[in-house]
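Structure file run-v9.pdb (PDB, C-alpha atoms) is printed below.
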ATOM      1  CA  MET A   1      18.634  -5.762  -5.910
ATOM      2  CA  THR A   2      21.315  -5.566  -3.220
ATOM      3  CA  LYS A   3      19.828  -4.467   0.082
ATOM      4  CA  GLN A   4      21.736  -1.599   1.696
ATOM      5  CA  PRO A   5      21.841  -0.915   5.445
ATOM      6  CA  PHE A   6      19.104   1.331   6.761
ATOM      7  CA  PRO A   7      20.641   4.809   7.161
ATOM      8  CA  ALA A   8      21.148   6.583  10.483
ATOM      9  CA  THR A   9      19.376   9.701   9.166
ATOM     10  CA  LEU A  10      16.907  10.291   6.358
ATOM     11  CA  PRO A  11      18.434  11.136   2.968
ATOM     12  CA  VAL A  12      18.074  14.748   1.802
ATOM     13  CA  ILE A  13      16.931  15.225  -1.809
ATOM     14  CA  ASP A  14      17.268  18.573  -3.621
ATOM     15  CA  LEU A  15      14.491  18.721  -6.232
ATOM     16  CA  SER A  16      15.930  21.881  -7.800
ATOM     17  CA  LEU A  17      18.620  19.677  -9.380
ATOM     18  CA  ALA A  18      15.929  18.628 -11.878
ATOM     19  CA  ASP A  19      16.310  22.054 -13.494
ATOM     20  CA  GLY A  20      20.104  21.947 -13.577
ATOM     21  CA  SER A  21      22.670  20.380 -15.872
ATOM     22  CA  PRO A  22      22.476  16.780 -17.101
ATOM     23  CA  GLU A  23      24.961  15.930 -14.359
ATOM     24  CA  ASP A  24      22.724  17.560 -11.753
ATOM     25  CA  ARG A  25      19.701  15.596 -12.925
ATOM     26  CA  ALA A  26      21.690  12.354 -12.924
ATOM     27  CA  ARG A  27      22.780  13.084  -9.346
ATOM     28  CA  LEU A  28      19.172  13.763  -8.338
ATOM     29  CA  ARG A  29      17.904  10.540  -9.852
ATOM     30  CA  SER A  30      20.668   8.464  -8.289
ATOM     31  CA  ALA A  31      19.852   9.887  -4.869
ATOM     32  CA  LEU A  32      16.111   9.408  -5.415
ATOM     33  CA  ARG A  33      16.534   5.790  -6.474
ATOM     34  CA  ALA A  34      18.610   4.997  -3.396
ATOM     35  CA  ALA A  35      16.212   6.750  -1.006
ATOM     36  CA  ALA A  36      13.089   5.209  -2.516
ATOM     37  CA  THR A  37      14.395   1.633  -2.608
ATOM     38  CA  GLU A  38      16.351   1.583   0.646
ATOM     39  CA  VAL A  39      14.235   3.737   2.981
ATOM     40  CA  GLY A  40      10.958   4.861   1.414
ATOM     41  CA  PHE A  41      11.387   8.193   3.225
ATOM     42  CA  PHE A  42      13.475  11.307   2.626
ATOM     43  CA  GLN A  43      13.659  15.039   3.281
ATOM     44  CA  LEU A  44      12.865  17.196   0.227
ATOM     45  CA  THR A  45      14.456  20.598  -0.357
ATOM     46  CA  GLY A  46      14.587  22.766  -3.492
ATOM     47  CA  HIS A  47      10.821  22.395  -3.988
ATOM     48  CA  GLY A  48      10.058  26.074  -4.627
ATOM     49  CA  ILE A  49       7.467  26.545  -1.856
ATOM     50  CA  THR A  50       8.293  29.866  -0.206
ATOM     51  CA  ALA A  51       8.425  30.756   3.466
ATOM     52  CA  ALA A  52       5.586  33.233   2.902
ATOM     53  CA  GLU A  53       3.347  30.529   1.432
ATOM     54  CA  THR A  54       4.143  28.234   4.338
ATOM     55  CA  THR A  55       3.423  30.957   6.880
ATOM     56  CA  ALA A  56       0.055  31.731   5.283
ATOM     57  CA  LEU A  57      -0.993  28.099   5.702
ATOM     58  CA  THR A  58       0.396  27.520   9.184
ATOM     59  CA  SER A  59      -1.068  30.801  10.471
ATOM     60  CA  ALA A  60      -4.523  29.813   9.209
ATOM     61  CA  MET A  61      -4.092  26.330  10.692
ATOM     62  CA  ARG A  62      -3.156  27.656  14.145
ATOM     63  CA  ALA A  63      -6.047  30.089  13.973
ATOM     64  CA  PHE A  64      -8.418  27.190  13.274
ATOM     65  CA  PHE A  65      -7.266  25.188  16.291
ATOM     66  CA  ALA A  66      -7.503  28.332  18.433
ATOM     67  CA  LEU A  67     -11.212  28.688  17.598
ATOM     68  CA  PRO A  68     -13.733  27.851  20.313
ATOM     69  CA  GLU A  69     -14.645  24.175  20.293
ATOM     70  CA  ALA A  70     -18.174  24.999  19.131
ATOM     71  CA  ASP A  71     -16.765  26.591  15.957
ATOM     72  CA  ARG A  72     -14.577  23.577  15.264
ATOM     73  CA  LEU A  73     -17.432  21.154  15.906
ATOM     74  CA  SER A  74     -19.623  23.118  13.489
ATOM     75  CA  VAL A  75     -17.565  21.470  10.747
ATOM     76  CA  SER A  76     -17.369  18.028  12.399
ATOM     77  CA  ASN A  77     -16.693  15.160  10.026
ATOM     78  CA  LEU A  78     -19.677  13.426  11.631
ATOM     79  CA  ASN A  79     -21.738  15.738   9.400
ATOM     80  CA  SER A  80     -20.057  14.474   6.244
ATOM     81  CA  PRO A  81     -20.598  11.132   4.472
ATOM     82  CA  HIS A  82     -17.457  12.094   2.505
ATOM     83  CA  PHE A  83     -15.180  11.983   5.599
ATOM     84  CA  ARG A  84     -14.437  15.720   5.345
ATOM     85  CA  GLY A  85     -14.182  18.042   8.304
ATOM     86  CA  TYR A  86     -13.004  18.171  11.894
ATOM     87  CA  THR A  87     -12.168  15.100  13.979
ATOM     88  CA  ARG A  88     -12.106  15.632  17.740
ATOM     89  CA  THR A  89      -9.088  14.510  19.750
ATOM     90  CA  GLY A  90      -9.233  10.770  20.290
ATOM     91  CA  ASP A  91     -11.925  10.016  17.699
ATOM     92  CA  GLU A  92      -9.551   8.596  15.065
ATOM     93  CA  ARG A  93      -8.134   5.079  15.249
ATOM     94  CA  THR A  94      -4.941   3.513  13.892
ATOM     95  CA  GLY A  95      -4.360  -0.193  14.338
ATOM     96  CA  GLY A  96      -7.556  -0.272  16.395
ATOM     97  CA  SER A  97      -6.110   2.089  19.034
ATOM     98  CA  GLN A  98      -6.980   5.699  19.818
ATOM     99  CA  ASP A  99      -4.852   8.431  18.219
ATOM    100  CA  TRP A 100      -4.314  11.424  20.478
ATOM    101  CA  ARG A 101      -4.692  14.268  17.996
ATOM    102  CA  ASP A 102      -7.389  16.359  16.379
ATOM    103  CA  GLN A 103      -7.460  17.348  12.731
ATOM    104  CA  LEU A 104      -9.281  18.888   9.794
ATOM    105  CA  ASP A 105      -9.629  16.737   6.648
ATOM    106  CA  ILE A 106      -9.713  18.700   3.381
ATOM    107  CA  GLY A 107      -9.722  17.611  -0.248
ATOM    108  CA  ALA A 108     -10.237  18.960  -3.716
ATOM    109  CA  GLU A 109     -13.475  20.972  -3.723
ATOM    110  CA  LEU A 110     -15.949  18.866  -5.733
ATOM    111  CA  PRO A 111     -19.709  18.237  -5.761
ATOM    112  CA  PRO A 112     -20.889  15.252  -3.704
ATOM    113  CA  HIS A 113     -20.710  11.959  -5.553
ATOM    114  CA  VAL A 114     -23.353   9.677  -4.073
ATOM    115  CA  PRO A 115     -22.718   6.280  -5.657
ATOM    116  CA  THR A 116     -25.566   4.549  -7.427
ATOM    117  CA  PRO A 117     -26.187   0.857  -6.651
ATOM    118  CA  ASP A 118     -24.053   0.015  -9.686
ATOM    119  CA  GLU A 119     -21.087   2.169  -8.614
ATOM    120  CA  PRO A 120     -18.305   1.324  -6.142
ATOM    121  CA  ALA A 121     -18.752   2.658  -2.607
ATOM    122  CA  TYR A 122     -15.456   4.534  -2.789
ATOM    123  CA  TRP A 123     -17.223   7.365  -4.629
ATOM    124  CA  TRP A 124     -18.482   8.473  -1.205
ATOM    125  CA  LEU A 125     -14.972   9.882  -0.701
ATOM    126  CA  GLU A 126     -15.582  12.552  -3.350
ATOM    127  CA  GLY A 127     -17.465  15.620  -2.192
ATOM    128  CA  PRO A 128     -17.355  19.111  -0.706
ATOM    129  CA  ASN A 129     -15.293  20.328   2.212
ATOM    130  CA  GLN A 130     -16.597  21.964   5.369
ATOM    131  CA  TRP A 131     -15.223  25.416   6.226
ATOM    132  CA  PRO A 132     -15.621  27.317   9.508
ATOM    133  CA  ALA A 133     -17.566  30.522   8.962
ATOM    134  CA  ALA A 134     -15.384  32.299  11.521
ATOM    135  CA  LEU A 135     -12.212  31.786   9.459
ATOM    136  CA  PRO A 136     -12.746  32.483   5.733
ATOM    137  CA  GLU A 137      -9.003  32.761   5.052
ATOM    138  CA  LEU A 138      -8.575  29.050   5.833
ATOM    139  CA  ARG A 139     -10.287  27.997   2.597
ATOM    140  CA  THR A 140      -7.994  30.156   0.479
ATOM    141  CA  ALA A 141      -4.836  28.972   2.241
ATOM    142  CA  ALA A 142      -5.729  25.262   2.218
ATOM    143  CA  LEU A 143      -6.921  25.024  -1.393
ATOM    144  CA  GLY A 144      -3.922  27.070  -2.501
ATOM    145  CA  TRP A 145      -1.637  24.638  -0.659
ATOM    146  CA  ILE A 146      -3.248  21.663  -2.392
ATOM    147  CA  ASP A 147      -2.713  23.319  -5.772
ATOM    148  CA  ARG A 148       0.939  24.212  -5.099
ATOM    149  CA  LEU A 149       1.920  20.873  -3.599
ATOM    150  CA  SER A 150       0.237  18.866  -6.336
ATOM    151  CA  GLY A 151       2.658  20.538  -8.762
ATOM    152  CA  VAL A 152       5.635  19.650  -6.583
ATOM    153  CA  ALA A 153       4.438  16.070  -6.176
ATOM    154  CA  GLU A 154       3.821  15.647  -9.914
ATOM    155  CA  GLN A 155       7.382  16.719 -10.699
ATOM    156  CA  LEU A 156       8.740  14.499  -7.943
ATOM    157  CA  LEU A 157       6.818  11.459  -9.212
ATOM    158  CA  HIS A 158       8.114  12.030 -12.753
ATOM    159  CA  GLU A 159      11.698  12.212 -11.463
ATOM    160  CA  LEU A 160      11.226   9.135  -9.276
ATOM    161  CA  LEU A 161       9.878   7.034 -12.146
ATOM    162  CA  ALA A 162      12.721   8.185 -14.388
ATOM    163  CA  ALA A 163      15.175   7.345 -11.592
ATOM    164  CA  ILE A 164      14.233   3.656 -11.719
ATOM    165  CA  GLY A 165      14.221   3.572 -15.518
ATOM    166  CA  ALA A 166      10.477   3.903 -16.154
ATOM    167  CA  GLU A 167       8.699   6.375 -18.419
ATOM    168  CA  PRO A 168       8.205   9.543 -16.328
ATOM    169  CA  ASP A 169       4.606   9.988 -17.527
ATOM    170  CA  PHE A 170       3.599   6.326 -17.079
ATOM    171  CA  TYR A 171       0.886   7.193 -14.528
ATOM    172  CA  ASP A 172      -0.241  10.559 -15.896
ATOM    173  CA  HIS A 173      -3.500   8.991 -17.081
ATOM    174  CA  ALA A 174      -4.279   7.876 -13.522
ATOM    175  CA  PHE A 175      -4.150  11.517 -12.349
ATOM    176  CA  ALA A 176      -6.084  12.965 -15.294
ATOM    177  CA  GLY A 177      -9.407  14.595 -14.472
ATOM    178  CA  HIS A 178     -10.043  14.780 -10.726
ATOM    179  CA  PRO A 179      -7.155  13.217  -8.789
ATOM    180  CA  HIS A 180      -7.984  12.471  -5.148
ATOM    181  CA  LEU A 181      -5.803  15.096  -3.490
ATOM    182  CA  ARG A 182      -6.096  15.263   0.301
ATOM    183  CA  LEU A 183      -4.772  17.501   3.046
ATOM    184  CA  LYS A 184      -4.883  17.176   6.824
ATOM    185  CA  LEU A 185      -4.304  19.979   9.294
ATOM    186  CA  VAL A 186      -3.217  18.175  12.458
ATOM    187  CA  ARG A 187      -2.649  19.149  16.082
ATOM    188  CA  TYR A 188      -1.116  16.844  18.676
ATOM    189  CA  PRO A 189      -2.137  18.364  22.040
ATOM    190  CA  GLY A 190       0.444  16.547  24.167
ATOM    191  CA  THR A 191       0.305  13.246  25.998
ATOM    192  CA  ALA A 192      -3.100  11.615  26.497
ATOM    193  CA  PRO A 193      -4.568  11.722  30.021
ATOM    194  CA  ASP A 194      -3.913   7.991  30.448
ATOM    195  CA  GLY A 195      -0.240   8.531  29.591
ATOM    196  CA  ALA A 196      -0.421   6.750  26.229
ATOM    197  CA  GLY A 197       2.054   8.134  23.727
ATOM    198  CA  GLN A 198       0.226   7.283  20.492
ATOM    199  CA  GLY A 199      -0.097  10.546  18.632
ATOM    200  CA  VAL A 200      -0.847   8.421  15.590
ATOM    201  CA  GLY A 201      -0.127   4.714  15.497
ATOM    202  CA  SER A 202       2.179   2.909  13.097
ATOM    203  CA  HIS A 203       0.733   2.843   9.594
ATOM    204  CA  LYS A 204       1.419   3.156   5.878
ATOM    205  CA  ASP A 205      -0.165   5.735   3.595
ATOM    206  CA  TYR A 206      -2.664   4.524   1.016
ATOM    207  CA  GLY A 207      -1.727   6.354  -2.169
ATOM    208  CA  PHE A 208       1.330   7.405  -4.165
ATOM    209  CA  ILE A 209       3.320  10.134  -2.378
ATOM    210  CA  THR A 210       2.933  12.074   0.887
ATOM    211  CA  LEU A 211       4.592  15.449   1.501
ATOM    212  CA  LEU A 212       4.621  16.373   5.188
ATOM    213  CA  LEU A 213       5.162  19.825   6.607
ATOM    214  CA  GLN A 214       6.048  19.537  10.298
ATOM    215  CA  ASP A 215       6.838  22.129  12.921
ATOM    216  CA  GLN A 216       9.936  22.129  15.140
ATOM    217  CA  VAL A 217       8.573  19.948  17.952
ATOM    218  CA  GLY A 218       9.410  16.521  16.478
ATOM    219  CA  GLY A 219       7.915  13.111  17.199
ATOM    220  CA  LEU A 220       7.762  11.536  13.721
ATOM    221  CA  GLN A 221       9.406   8.101  13.635
ATOM    222  CA  VAL A 222      10.101   5.743  10.706
ATOM    223  CA  GLU A 223      10.127   1.991  11.256
ATOM    224  CA  ARG A 224      13.365   0.182  10.441
ATOM    225  CA  PRO A 225      13.368  -3.364   9.024
ATOM    226  CA  ASP A 226      14.241  -4.765  12.473
ATOM    227  CA  GLY A 227      11.145  -3.180  14.037
ATOM    228  CA  SER A 228      12.957  -0.344  15.815
ATOM    229  CA  TYR A 229      12.237   3.294  14.955
ATOM    230  CA  LEU A 230      14.304   6.113  13.486
ATOM    231  CA  GLU A 231      13.585   9.624  14.760
ATOM    232  CA  VAL A 232      13.004  12.252  12.062
ATOM    233  CA  PRO A 233      14.221  15.613  13.392
ATOM    234  CA  PRO A 234      12.473  18.587  11.779
ATOM    235  CA  MET A 235      14.446  20.294   9.010
ATOM    236  CA  PRO A 236      13.382  23.917   8.438
ATOM    237  CA  GLY A 237      12.183  24.508   4.881
ATOM    238  CA  ALA A 238      12.030  20.802   3.994
ATOM    239  CA  PHE A 239       9.149  18.414   3.447
ATOM    240  CA  VAL A 240       9.334  14.865   4.750
ATOM    241  CA  VAL A 241       8.370  12.616   1.820
ATOM    242  CA  ASN A 242       7.223   9.023   2.004
ATOM    243  CA  LEU A 243       5.925   6.556  -0.558
ATOM    244  CA  GLY A 244       2.465   5.040  -0.272
ATOM    245  CA  GLU A 245       1.061   1.566  -0.750
ATOM    246  CA  LEU A 246       0.103   2.097  -4.399
ATOM    247  CA  LEU A 247       3.731   2.593  -5.438
ATOM    248  CA  GLU A 248       4.613  -0.621  -3.625
ATOM    249  CA  VAL A 249       1.849  -2.423  -5.523
ATOM    250  CA  ALA A 250       2.842  -0.772  -8.818
ATOM    251  CA  THR A 251       6.473  -1.893  -8.526
ATOM    252  CA  ASN A 252       5.807  -5.288  -6.919
ATOM    253  CA  GLY A 253       7.698  -4.221  -3.814
ATOM    254  CA  TYR A 254      10.713  -2.626  -5.539
ATOM    255  CA  LEU A 255       9.597   0.643  -3.966
ATOM    256  CA  LYS A 256       8.404   0.198  -0.393
ATOM    257  CA  ALA A 257       5.701   1.911   1.608
ATOM    258  CA  THR A 258       7.355   2.235   5.004
ATOM    259  CA  SER A 259       5.470   2.189   8.288
ATOM    260  CA  HIS A 260       5.724   5.282  10.466
ATOM    261  CA  ARG A 261       4.149   6.796  13.572
ATOM    262  CA  VAL A 262       4.065   9.941  15.702
ATOM    263  CA  VAL A 263       4.884   9.858  19.401
ATOM    264  CA  SER A 264       2.938  12.474  21.354
ATOM    265  CA  PRO A 265       4.891  15.477  22.600
ATOM    266  CA  ALA A 266       5.533  15.427  26.338
ATOM    267  CA  GLY A 267       3.110  17.011  28.758
ATOM    268  CA  ALA A 268       0.754  19.594  27.249
ATOM    269  CA  ARG A 269       3.109  20.759  24.510
ATOM    270  CA  GLU A 270       1.401  21.051  21.127
ATOM    271  CA  ARG A 271       2.749  19.782  17.806
ATOM    272  CA  PHE A 272       1.354  20.825  14.407
ATOM    273  CA  SER A 273       1.795  19.097  11.059
ATOM    274  CA  VAL A 274       0.297  19.183   7.561
ATOM    275  CA  PRO A 275       0.425  15.988   5.493
ATOM    276  CA  PHE A 276      -0.516  16.315   1.807
ATOM    277  CA  PHE A 277      -1.481  13.126  -0.010
ATOM    278  CA  TYR A 278      -0.855  12.995  -3.765
ATOM    279  CA  ASN A 279      -3.261  10.384  -5.054
ATOM    280  CA  PRO A 280      -4.734   9.417  -8.440
ATOM    281  CA  ARG A 281      -8.430   9.391  -9.311
ATOM    282  CA  LEU A 282     -10.548   7.143  -7.146
ATOM    283  CA  ASP A 283     -11.400   4.967 -10.166
ATOM    284  CA  ALA A 284      -7.787   4.653 -11.330
ATOM    285  CA  HIS A 285      -6.527   1.100 -11.746
ATOM    286  CA  ILE A 286      -2.796   1.097 -11.125
ATOM    287  CA  GLU A 287      -1.150  -0.978 -13.823
ATOM    288  CA  PRO A 288       2.180  -2.668 -13.001
ATOM    289  CA  LEU A 289       5.057  -0.313 -13.735
ATOM    290  CA  ASP A 290       7.321  -1.276 -16.624
ATOM    291  CA  PHE A 291      10.928  -0.684 -15.535
ATOM    292  CA  PRO A 292      14.274  -2.537 -15.818
ATOM    293  CA  GLY A 293      14.439  -3.576 -12.159
ATOM    294  CA  ALA A 294      11.036  -5.261 -12.194
ATOM    295  CA  ARG A 295      12.614  -8.698 -12.420
ATOM    296  CA  HIS A 296      14.419  -8.040  -9.126
ATOM    297  CA  ALA A 297      11.325  -6.873  -7.255
ATOM    298  CA  PRO A 298      10.783  -8.840  -4.037
ATOM    299  CA  GLY A 299       6.984  -8.690  -4.103
ATOM    300  CA  ALA A 300       4.545  -6.397  -2.330
ATOM    301  CA  THR A 301       3.952  -6.820   1.383
ATOM    302  CA  GLN A 302       1.501  -9.585   2.201
ATOM    303  CA  ASP A 303      -0.613  -8.840   5.269
ATOM    304  CA  PRO A 304      -4.060 -10.480   5.555
ATOM    305  CA  ALA A 305      -5.116  -7.696   7.942
ATOM    306  CA  ASN A 306      -4.190  -5.039   5.377
ATOM    307  CA  PRO A 307      -4.851  -6.193   1.814
ATOM    308  CA  LEU A 308      -3.421  -3.945  -0.893
ATOM    309  CA  TYR A 309      -5.611  -3.065  -3.875
ATOM    310  CA  ALA A 310      -4.508  -1.942  -7.338
ATOM    311  CA  ASP A 311      -7.769   0.018  -7.618
ATOM    312  CA  PHE A 312      -6.982   3.150  -5.641
ATOM    313  CA  GLY A 313     -10.505   3.899  -4.458
ATOM    314  CA  PHE A 314     -10.759   0.567  -2.630
ATOM    315  CA  ASN A 315      -7.391   1.131  -0.949
ATOM    316  CA  GLU A 316      -8.418   4.619   0.211
ATOM    317  CA  LEU A 317     -11.889   3.612   1.398
ATOM    318  CA  LYS A 318     -10.421   0.723   3.399
ATOM    319  CA  GLY A 319      -8.347   3.186   5.394
ATOM    320  CA  TYR A 320     -11.087   5.742   6.057
ATOM    321  CA  LEU A 321     -13.614   3.153   7.220
ATOM    322  CA  ARG A 322     -11.105   1.897   9.778
ATOM    323  CA  ALA A 323      -9.787   5.273  10.887
ATOM    324  CA  HIS A 324     -13.166   6.979  11.391
ATOM    325  CA  PRO A 325     -15.532   4.423  12.928
ATOM    326  CA  GLU A 326     -18.045   7.041  14.130
ATOM    327  CA  VAL A 327     -18.449   8.486  10.628
ATOM    328  CA  THR A 328     -18.770   4.964   9.254
ATOM    329  CA  ARG A 329     -21.450   4.012  11.784
ATOM    330  CA  ARG A 330     -23.413   7.209  11.160
ATOM    331  CA  HIS A 331     -23.350   7.249   7.337
ATOM    332  CA  HIS A 332     -22.159   3.863   6.058
ATOM    333  CA  THR A 333     -23.473   1.023   8.196
ATOM    334  CA  ASP A 334     -23.737  -1.073   5.048
ATOM    335  CA  LEU A 335     -19.950  -0.858   4.682
ATOM    336  CA  LEU A 336     -19.131  -2.040   8.211
ATOM    337  CA  PRO A 337     -17.133  -5.288   8.204
ATOM    338  CA  ALA A 338     -19.043  -8.365   9.246
ATOM    339  CA  ALA A 339     -18.724  -9.165  12.956
TER     340      ALA A 339
END

Just give me the structure as structure tokens.
Amino acid sequence: MTKQPFPATLPVIDLSLADGSPEDRARLRSALRAAATEVGFFQLTGHGITAAETTALTSAMRAFFALPEADRLSVSNLNSPHFRGYTRTGDERTGGSQDWRDQLDIGAELPPHVPTPDEPAYWWLEGPNQWPAALPELRTAALGWIDRLSGVAEQLLHELLAAIGAEPDFYDHAFAGHPHLRLKLVRYPGTAPDGAGQGVGSHKDYGFITLLLQDQVGGLQVERPDGSYLEVPPMPGAFVVNLGELLEVATNGYLKATSHRVVSPAGARERFSVPFFYNPRLDAHIEPLDFPGARHAPGATQDPANPLYADFGFNELKGYLRAHPEVTRRHHTDLLPAA
């Protein structure tokens, strides 16, 4: 596979071409293949999510963060062994350092799955959400968003697999049943009091595909191969899409999970964003993808500090235990790494 120069701006992919002529679909898949192998990030238009749907979600999100702190803390993730709920500003960690943002973690609404001694610990990640009593419309907006974006992501994954010559439905079995769909409502409240600019530190996502809705403030940056960062200016009506670690594992590095970060907005200016994570079932084992370019794959990233697992649940649990140390200490001391 010939490596192309990293672009000066993110590619823009129009998903509506999938419903066009054979020439349109061929153009879509060519653009997808280039974006996914050269960058791992792109802007997605033509996805069918309306401005009204977006406004319903963002209005509910802003209303949540405008609630008194006591109302937000009533749904603290410290209450949840499933890592659901509100995280106060500064309580999340990336790369061992404090992220200056607060957020609400939401997933598919399911009964709690408390693993038996014979079951993997990752089943702790399946369970109910916490909803603020003062804002009943938030539940409707958030669960509706998960449902709508899972449809977009499923179509996008099918087109991406076809773009590299694989069977579009190769991983449908991994999403059958209860896929581990997650949503974060995130607020960056400006620069930390100590002047640190880490809104969220450099990281890769754990699953298959992330669709990010961001406001007009900016601050998202994508890491280039030389270690510098590319700014991602907001594009109205578009989602920023990036590939997660499981697709890198599945394709032996042909598709790359690219590191990215958010730099805090200056002063006390707020930034809002909504990442949606399209992930398979927790117990899904991700088989190597069969596609023509497999023989040219360079291999998945090798990092002893961040092992990549083909079993999705282990990859996801690894991230949550690191990112939420207070939840881990309160509910899962048996899962703390050895000192």

ask   = At a cut-off of 6 Å from (-12.3, 18.0, 1.2) in the coordinates of the file, what residues are picked up using all atoms listed in the file, written as a PyMOL selection string?
value = chain A and resi 84+106-109+128-129

Given the choices A:Phe65, A:Tyr188, A:Phe291, A:Phe277, which gets closest to A:Pro168 if the distance is worked out from only C-alpha atoms?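 Closest residue, counting only C-alpha atoms: A:Phe291.
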
**Request:** Just the residues within 7 Å of stretch 216-229 of chain A, please, counting only C-alpha atoms, with nothing from its chain fewer than 6 positions along; format it as a ChimeraX atom specification.
**Result:** /A:6,258-265,271

Skipping near chain neighbours, those fewer than 6 positions away, what residues fall within 7 Å of stretch 95-103 of chain A using all atoms listed in the file, listed as a PDB file with C-alpha atoms, in the frame of the given file?
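Output (selection12.pdb):
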ATOM      1  CA  TYR A  86     -13.004  18.171  11.894  1.00  0.00           C
ATOM      2  CA  THR A  87     -12.168  15.100  13.979  1.00  0.00           C
ATOM      3  CA  ARG A  88     -12.106  15.632  17.740  1.00  0.00           C
ATOM      4  CA  THR A  89      -9.088  14.510  19.750  1.00  0.00           C
ATOM      5  CA  LYS A 184      -4.883  17.176   6.824  1.00  0.00           C
ATOM      6  CA  LEU A 185      -4.304  19.979   9.294  1.00  0.00           C
ATOM      7  CA  VAL A 186      -3.217  18.175  12.458  1.00  0.00           C
ATOM      8  CA  ARG A 187      -2.649  19.149  16.082  1.00  0.00           C
ATOM      9  CA  TYR A 188      -1.116  16.844  18.676  1.00  0.00           C
ATOM     10  CA  PRO A 189      -2.137  18.364  22.040  1.00  0.00           C
ATOM     11  CA  ALA A 192      -3.100  11.615  26.497  1.00  0.00           C
ATOM     12  CA  GLN A 198       0.226   7.283  20.492  1.00  0.00           C
ATOM     13  CA  GLY A 199      -0.097  10.546  18.632  1.00  0.00           C
ATOM     14  CA  VAL A 200      -0.847   8.421  15.590  1.00  0.00           C
ATOM     15  CA  GLY A 201      -0.127   4.714  15.497  1.00  0.00           C
TER      16      GLY A 201
END

Using the chain letters and numbers from the file, which residues does the PyMOL selection byres ((chain A and resi 245) around 8) grab, as a list in words?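 On the file shown, the PyMOL selection byres ((chain A and resi 245) around 8) covers Lys204, Asp205, Tyr206, Gly207, Phe208, Leu243, Gly244, Leu246, Leu247, Glu248, Val249, Lys256, Ala257 and Leu308 of chain A.
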
In terms of all atoms listed in the file, the residue from A:His203, A:His324, A:Arg329, A:Arg269 at minimal distance from A:Asn306 is A:His203

Min atom-atom distance to A:Glu287 from the set A:Ala268, A:Ala250, A:Ala52, A:Leu57, counting only C-alpha atoms, belongs to A:Ala250

- Nearest candidate to A:Leu255 (options A:Asp19, A:Glu53, A:Asp14, A:Glu38; using only C-alpha atoms):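 The shortest atom-to-atom distance to A:Leu255 comes from A:Glu38.
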
task = Using all atoms listed in the file, find the one residue out of A:Pro112, A:Gly299, A:Pro68, A:Gly267 that sits nearest to A:Gly195.
result =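 Counting all atoms listed in the file, the residue closest to A:Gly195 is A:Gly267.
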
In Å and to one decimal, atom CA of A:Phe41 is distant from atom CA of A:Leu10 by 6.7 Å

Fewer than 2 positions away in the same chain doesn't count, so skip those; otherwise give me all residues within 6 Å of A:Arg281, counting all atoms listed in the file, as a list in words.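 Counting all atoms listed in the file, the residues come to Phe175, His178, Pro179, His180, Asp283 and Ala284 of chain A.
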
* Find the residues near A:Pro120: any atom within 12 Å, counting only C-alpha atoms, skip ones fewer than 2 places away on the same chain, and give them as a VMD selection string. => chain A and resid 113 to 118 122 to 126 282 to 283 311 to 314 317 335

Could you list, as a list of chain:residue names, every residue within 12 Å of A:Gly46, counting only C-alpha atoms and ignoring same-chain residues fewer than 6 positions away? A:Val12, A:Ile13, A:Asp14, A:Leu15, A:Ser16, A:Leu17, A:Ala18, A:Asp19, A:Gly20, A:Leu28, A:Val152, A:Gln155, A:Leu156, A:Gly237, A:Ala238, A:Phe239

Query - Residue IDs satisfying the PyMOL selection byres ((chain A and resi 165) around 12), as an MDAnalysis selection string - result: chainID A and resid 26 29:30 32:33 158:164 166:170 251 289:294

Exercise. Apply the PyMOL selection byres ((chain A and resi 240) around 7) to the file shown and report the selected residues as a list of chain:residue names.
Key: A:Phe42, A:Gln43, A:Leu44, A:Leu211, A:Leu212, A:Leu213, A:Ala238, A:Phe239, A:Val241, A:Asn242
